[in-house]
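All remarks here apply to the structure that follows.
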Amino acid sequence: MRQLPAWTLAAAAALAAAPAAPAAPAAPAARVRAGADCPRLTARWHGDDRARLQRVVDAYGTCSGHRGAVAAFDWDNTVTKNDVTDATLSWALRHDVLPRPARWKDTSAWLSDAADRALTAACGTGAGGSLRTSDRPRCADEILEIRENATTVSGAPAFAGTWNHRRTVPGYAWVPQLFAGRTPARLASYAEAARREALAAPVGATRVLGTHTVPAYVRYYDQQRDLVRTLRRAGFRVYVVSAGAEPVTEVWSRAIGVDAAHTLAIRSVLDRRGRITTRNEGCGGVPAGEGTVIPYIDGKRCRLNEDVYGIHGPAAWKKQPPSRRIALGAGDADTDVTFVGDATGAHLVVNRNKPELMCRAYDDADGRWVITPMFIGPLPRRAEPYPCSTGARTAADGTRGPVRRPDGSVVPDLPDTVF
């Protein structure tokens, strides 16, 4: 992909030079041309968020005579309320469409012996055909418990071994692996059916699968649809980057005008017959593997650097100069903290009380962090400060430690104030 034009660097410098607080800095007035095309945000946002985001749209877009800036959005619970991969898995469990594996150990390189035994006892094995999960609640229970909590129903760890905790999480990689043997088109058809069902269900609806109560509805956030629409009208290239299954995310993202080429998620390696395997594409010089690298924390930066900016090899894991970074990033969880933090214009955060992301957002080191409560069913205020100084950040080896600024200083514990 081509490098962003030189004006991107100039816009970033202009934003940096302007006052940082309380609002996101605006581009110099001289850059906004009289009679320029200035698409406007119209949805209602929290506090002064709309005005701050509008300044970024104006500074990097057609209002200032520019095109080609990049905006990137996480999907689940950032653009939609509730997780669309989970909605698809829920639909699949109720319609007996998950392939039955020859061995459960084949579904993940990290599946523990305890999880293998639990799944074998609850679900059975034997290649060919589909799992009967609709009338075997124990099987649905084990699958959901492993997906949600990385444990078996009995409480044993479901995954074992070592992995880079800033590049993957086995429970996320496991969902597309469960569909190994199906084609992407077939998985997309399941997602289409789940989407129709989830959008038709009333807000707040739940259902019971085995002993698990799961959301039965999904909604697009009006504010995010408005933001994406405005960005696209202003000449931005808008991407989705998600740790969900790519065929599933594509079904949902196209409804807001983001096509498959601009939807980046877990991309499964296909066999010679075009069927999903338990392997997925690598990134940043890491070859394809069984979930070794997915768009997760640093993996999201890597995918954006590769697919948007054409940066390959180890450099794809590195923070790039402003001219090769996104202008706006939006996310809701720690899995988004790296790419959202890379944005040169605004870091938009939906507050779901995720510690590393919220420590970065509330510290607001560059004055460009924009925090909004969840647009539907916002969480109450977190009672205790975020443990920024001690254990909010997850290291590559899985240990917890302090959140540090670029100069190495530790972010202090910070209270929750936007809820």
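Note on naming: chains are A, B, ... as they come in the structure tokens, residues start from 1 per chain, ligands start from 1 in the order shown.
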
Give me, as JSON, numbers by chain, the residues of segment 90-273 of chain A that a backbone DSSP run labels strand (DSSP E or B). {"A": [99, 111, 130, 151, 157, 159, 180, 182, 206, 207, 208, 209, 212, 213, 214, 215, 219, 220, 237, 238, 239, 240, 241, 242, 243, 244, 245, 263, 264, 265, 266, 268, 269, 270]}

Serialized selection, N, CA, C and O atoms, as a compact mmCIF listing (two decimals), in the first residue's frame:
# COMPACT_ATOMS: atom_id res chain seq x y z
N PRO A 99 -18.28 -28.61 13.35
CA PRO A 99 -17.74 -29.91 12.94
C PRO A 99 -17.28 -30.72 14.15
O PRO A 99 -16.76 -30.16 15.12
N LEU A 111 -4.51 -26.61 23.92
CA LEU A 111 -5.58 -27.22 24.71
C LEU A 111 -4.99 -28.17 25.75
O LEU A 111 -4.17 -29.04 25.43
N SER A 130 -21.41 -33.44 12.45
CA SER A 130 -21.46 -32.25 13.31
C SER A 130 -21.73 -32.64 14.75
O SER A 130 -22.29 -33.70 15.03
N THR A 151 -11.32 -21.98 31.18
CA THR A 151 -11.31 -23.10 32.10
C THR A 151 -12.39 -24.10 31.69
O THR A 151 -13.31 -23.76 30.93
N PRO A 157 -7.65 -25.39 34.20
CA PRO A 157 -7.19 -24.55 33.08
C PRO A 157 -7.42 -25.26 31.75
O PRO A 157 -7.12 -26.45 31.60
N PHE A 159 -6.16 -24.20 28.78
CA PHE A 159 -5.01 -24.06 27.89
C PHE A 159 -3.73 -24.14 28.70
O PHE A 159 -3.67 -23.68 29.85
N ALA A 180 -13.01 -25.50 11.81
CA ALA A 180 -12.13 -26.15 10.84
C ALA A 180 -12.89 -27.24 10.08
O ALA A 180 -13.57 -28.08 10.68
N ARG A 182 -15.12 -26.31 7.68
CA ARG A 182 -16.14 -25.52 6.99
C ARG A 182 -15.45 -24.51 6.06
O ARG A 182 -14.30 -24.14 6.27
N THR A 206 -31.56 -12.09 26.72
CA THR A 206 -30.56 -13.13 26.97
C THR A 206 -31.15 -14.48 26.64
O THR A 206 -32.37 -14.62 26.45
N ARG A 207 -30.30 -15.48 26.58
CA ARG A 207 -30.76 -16.85 26.43
C ARG A 207 -29.86 -17.76 27.26
O ARG A 207 -28.74 -17.38 27.61
N VAL A 208 -30.35 -18.93 27.56
CA VAL A 208 -29.61 -19.90 28.36
C VAL A 208 -29.14 -21.04 27.46
O VAL A 208 -29.94 -21.64 26.74
N LEU A 209 -27.84 -21.29 27.50
CA LEU A 209 -27.23 -22.43 26.81
C LEU A 209 -26.55 -23.28 27.86
O LEU A 209 -25.57 -22.85 28.48
N HIS A 212 -25.15 -21.59 31.01
CA HIS A 212 -24.65 -20.26 30.73
C HIS A 212 -25.77 -19.35 30.23
O HIS A 212 -26.56 -19.74 29.36
N THR A 213 -25.83 -18.16 30.79
CA THR A 213 -26.73 -17.14 30.28
C THR A 213 -25.91 -16.18 29.43
O THR A 213 -24.93 -15.59 29.90
N VAL A 214 -26.29 -16.06 28.15
CA VAL A 214 -25.50 -15.27 27.20
C VAL A 214 -26.40 -14.22 26.56
O VAL A 214 -27.62 -14.37 26.48
N PRO A 215 -25.81 -13.11 26.08
CA PRO A 215 -26.62 -12.11 25.38
C PRO A 215 -27.28 -12.70 24.15
O PRO A 215 -26.69 -13.51 23.42
N ARG A 219 -26.43 -4.78 18.85
CA ARG A 219 -26.85 -3.54 18.21
C ARG A 219 -25.62 -2.78 17.70
O ARG A 219 -24.58 -2.75 18.35
N TYR A 220 -25.78 -2.18 16.52
CA TYR A 220 -24.79 -1.20 16.07
C TYR A 220 -24.96 0.06 16.91
O TYR A 220 -26.08 0.51 17.16
N ARG A 237 -9.81 6.63 4.86
CA ARG A 237 -9.90 5.19 4.63
C ARG A 237 -10.19 4.54 5.98
O ARG A 237 -9.38 4.66 6.90
N VAL A 238 -11.32 3.88 6.10
CA VAL A 238 -11.75 3.33 7.38
C VAL A 238 -11.55 1.82 7.38
O VAL A 238 -12.00 1.11 6.48
N TYR A 239 -10.87 1.34 8.42
CA TYR A 239 -10.59 -0.08 8.60
C TYR A 239 -11.22 -0.58 9.90
O TYR A 239 -11.37 0.18 10.86
N VAL A 240 -11.54 -1.86 9.91
CA VAL A 240 -11.89 -2.57 11.14
C VAL A 240 -10.76 -3.54 11.42
O VAL A 240 -10.26 -4.22 10.51
N VAL A 241 -10.32 -3.63 12.68
CA VAL A 241 -9.29 -4.59 13.07
C VAL A 241 -9.78 -5.29 14.33
O VAL A 241 -9.99 -4.67 15.36
N SER A 242 -9.99 -6.60 14.21
CA SER A 242 -10.70 -7.35 15.25
C SER A 242 -10.00 -8.67 15.55
O SER A 242 -9.38 -9.27 14.67
N ALA A 243 -10.14 -9.13 16.78
CA ALA A 243 -9.65 -10.45 17.18
C ALA A 243 -10.72 -11.51 17.02
O ALA A 243 -10.63 -12.59 17.61
N GLY A 244 -11.74 -11.23 16.22
CA GLY A 244 -12.76 -12.21 15.89
C GLY A 244 -12.42 -12.95 14.60
O GLY A 244 -11.39 -12.69 13.97
N ALA A 245 -13.28 -13.86 14.20
CA ALA A 245 -13.08 -14.59 12.95
C ALA A 245 -13.41 -13.67 11.78
O ALA A 245 -14.45 -13.02 11.76
N THR A 263 -11.49 -5.00 6.29
CA THR A 263 -11.84 -5.69 7.53
C THR A 263 -10.74 -6.69 7.84
O THR A 263 -10.55 -7.67 7.12
N LEU A 264 -10.01 -6.45 8.91
CA LEU A 264 -8.86 -7.26 9.29
C LEU A 264 -9.19 -7.99 10.59
O LEU A 264 -9.49 -7.37 11.60
N ALA A 265 -9.13 -9.31 10.55
CA ALA A 265 -9.45 -10.11 11.73
C ALA A 265 -8.64 -11.40 11.66
O ALA A 265 -7.66 -11.47 10.91
N ILE A 266 -9.01 -12.41 12.43
CA ILE A 266 -8.29 -13.68 12.38
C ILE A 266 -8.56 -14.31 11.02
O ILE A 266 -9.70 -14.66 10.71
N SER A 268 -8.03 -17.31 8.71
CA SER A 268 -7.66 -18.72 8.74
C SER A 268 -6.95 -19.13 7.45
O SER A 268 -7.29 -18.66 6.35
N VAL A 269 -5.97 -20.01 7.58
CA VAL A 269 -5.36 -20.65 6.42
C VAL A 269 -6.34 -21.69 5.90
O VAL A 269 -6.94 -22.45 6.68
N LEU A 270 -6.53 -21.74 4.59
CA LEU A 270 -7.46 -22.68 3.98
C LEU A 270 -6.71 -23.88 3.39
O LEU A 270 -5.56 -23.75 2.95

With a distance cut-off of 7 Å and only C-alpha atoms, select the neighbouring residues of segment 331-337 of chain A, excluding the residue or stretch itself and same-chain residues fewer than 2 positions from it, and output the selection as a PyMOL selection string. chain A and resi 73-74+77-78+296-297+329+339-341+348-352+354+356-357

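Using only C-alpha atoms, the protein and nucleic acid residues lying no more than 10 Å from Leu178 of chain A, apart from those fewer than 6 places from it along its own chain, are Leu89, Leu98, Pro99, Arg100, Pro101, Trp104, Asp106, Thr107, Ser108, Ile143, Ile276, Thr277 and Thr278 of chain A.
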
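Take the candidates A:Leu304, A:Ala288, A:Ala194, A:Leu119 and check each one against Lys105 of chain A using only C-alpha atoms; the shortest distance goes to A:Leu119.
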
Give me every helix (DSSP H, G or I) residue in segment 220-395 of chain A, going by DSSP on the backbone, as a VMD selection string. chain A and resid 222 to 233 246 to 256 260 to 262 298 to 307 313 to 317 322 to 324 334 to 342 355 to 363

Just the residues within 9 Å of Lys318 of chain A, please, counting only C-alpha atoms, with nothing from its chain fewer than 6 positions along; format it as a compact mmCIF listing (two decimals) with C-alpha atoms, in the first residue's frame.
# COMPACT_ATOMS: atom_id res chain seq x y z
CA ASP A 298 0.44 -5.73 19.54
CA ARG A 301 -0.66 -2.86 15.18
CA CYS A 302 1.15 -5.52 13.16
CA ASN A 305 1.19 -1.93 9.49

Could you tell me how far atom CA of Ala346 of chain A sits from atom CA of Cys63 of chain A, in Å to one decimal place?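 Pair atom CA of Cys63 of chain A / atom CA of Ala346 of chain A returns 17.0 Å.
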